[in-house]
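Here is the structure we will look at, set down as structure tokens.
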Amino acid sequence: PDDIRMVRMKDEDGEREIAVRAKASLDGSHLKNATVTMDNFGGPQVSFQLHEAGREIFSQLTFANVGSRLAIILDDLVYSAPVIRERISQGEGIISGKFSMDEVKELALILRAGALPVPINIISERIVGPTLGADSVRKGSMAALLGLGLVVLFMVFYYRASGLIANLAMFLNILFLLAVMAKLGAVLTMPGIAGIILTIGMSVDANVLIFERIREELRVGKTVRSAIEAGYNRALWTIIDSHVTTLITAVVLFQFGTGPIRGFAVTLFWGVSINLFTAFWVTKAIFDIRKERRTLSI
């Protein structure tokens with residue numbers, strides 16, 4: 001029949017063709033918005049709202065087709081075909097079912113894409129493979145490991161046993177940072193690697209500042225106990241000042257940045273926050289054990 005056409009539909013059984021009406025009763029211009037919400041049982045669903053012009057059309061459509069399926073089509077592909085359960089007269093509806101969160105997000109995105117007021121004209125099209133990105137991440141990881149190795153060697157060479165303590169704090173910093181990123185589900189990208197490298201630098205900077213303060217106190221003849229206490233007390237506010245300044249920068253980058261910039265901001269924020277703990281309180285707990293010594297390897 002002239003009022004029927006065949007379109008493609010993908011489901012768990014693969015791709016197949018189904019019959020739909022040739023002329024759509026409702027199109028994307030009638031859709032106001034579509035968002036992901038949660039049902040009463042905590043399951044994901046799509047809530048949508050229609051413009052005034054589409055409310056009456058949708059009301060009549062749902063009234064006449066209760067129990068039938070409503071196909072959601074974009075570019076001649078059916079993305080979903082929910083069953084109409086009842087008449088929807090207020091211009092607001094819900095698409096629910098056994099959806100995963102990713103499926104619901106994709107469906108909401110498809111609905112919003114269909115509501116674009118202008119057609120998309122493809123001027124050029126190109127395919128970029130993953131080789132370049134993978135190579136950049138690999139080289140960035142190698143640079144981070146090389147820098148980490150050089151820092152570890154320098155700290156041990158220059159500060160001896162105290163350098164080992166600084167290295168321990170630095171490794172704990174990286175470990176905790178990776179744990180936070182795993183919890184947040186963050187992906188390790190080039191900007192993220194850059195944030196980790198910067199975090200390593202700030203960790204070393206904080207420990208160098210503390211150690212130099214302790215050295216100054218030892219030079220003026222103070223005991224090991226007094227030198228450690230004075231060194232940490234004098235370095236504390238300088239460390240806090242530099243870290244808080246960086247944290248503010250990370251918050252601003254996350255708030256106003258996009259994509260890779262926000263990834264860098266997240267890594268930097270958590271790295272600096274964790275470093276405040278590891279570079280000061282972790283190392284100080286170890287130095288407290290060394291207070292009773294007559295000499296200090298630093």
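Every chain in the structure tokens has a letter given in the order shown (A, B, ...), and although residue numbers restart at 1 in each chain, ligands are simply numbered from 1 in the order shown.
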Inset, instruction - Do a neighbour search on A:Ala230 at 8 Å with only C-alpha atoms, toss out local chain neighbours closer than 6 positions, and write the hits as a list in words. - result: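 Using only C-alpha atoms, the neighbours found are Arg213, Ile214 and Glu217 of chain A.
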Deliver the residues from the most recent selection as a file, using C-alpha atoms, as an mmCIF file, in the first residue's frame.
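Wrote again_7.cif, looks like this:
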```
data_model
loop_
_atom_site.group_PDB
_atom_site.id
_atom_site.type_symbol
_atom_site.label_atom_id
_atom_site.label_comp_id
_atom_site.auth_asym_id
_atom_site.auth_seq_id
_atom_site.Cartn_x
_atom_site.Cartn_y
_atom_site.Cartn_z
ATOM 1 C CA ARG A 213 63.386 23.823 55.848
ATOM 2 C CA ILE A 214 64.579 20.948 58.055
ATOM 3 C CA GLU A 217 67.064 24.239 61.143
#
```
Inset, instruction - Please provide as an MDAnalysis selection string all residues within 12 Å of stretch 81-84 of chain A, with the sequence filter that same-chain residues fewer than 5 positions apart are discarded (counting only C-alpha atoms). - result: chainID A and resid 8:11 18:20 45:46 58:59 61:73 93:99 107
Inset, instruction - Find the residues near stretch 281-290 of chain A: any atom within 7 Å, counting only C-alpha atoms, skip ones fewer than 5 places away on the same chain, and give them as a PyMOL selection string. - result: chain A and resi 165-166+169
For N, CA, C and O atoms, I'd like the residues from the last selection saved as a CSV table (one decimal), in the first residue's frame.
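After the write, selection.csv holds the following:
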```
chain,number,residue,atom,x,y,z
A,165,ILE,N,61.6,8.3,51.7
A,165,ILE,CA,60.3,8.7,52.3
A,165,ILE,C,59.5,9.5,51.3
A,165,ILE,O,58.3,9.3,51.2
A,166,ALA,N,60.2,10.5,50.7
A,166,ALA,CA,59.4,11.3,49.7
A,166,ALA,C,58.9,10.5,48.5
A,166,ALA,O,57.8,10.7,48.0
A,169,ALA,N,55.8,8.6,49.6
A,169,ALA,CA,54.7,9.5,49.5
A,169,ALA,C,54.2,9.8,48.1
A,169,ALA,O,53.0,9.8,47.8
```
Legend entry - Shell of 10 Å around A:Val252, only C-alpha atoms, local chain residues under 5 positions omitted, as a list of chain:residue names: A:Thr246, A:Leu247, A:Gly257, A:Arg262, A:Ala265
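Among the candidate residues A:Ser29, A:Ser100, A:Asn207, A:Ser297, the one lying nearest to A:Ile239 is A:Asn207, with distances computed using only C-alpha atoms.
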Legend entry - Residue nearest A:Ile240 among A:Leu276, A:Leu296, A:Val78, A:Met155 (counting only C-alpha atoms): A:Leu276
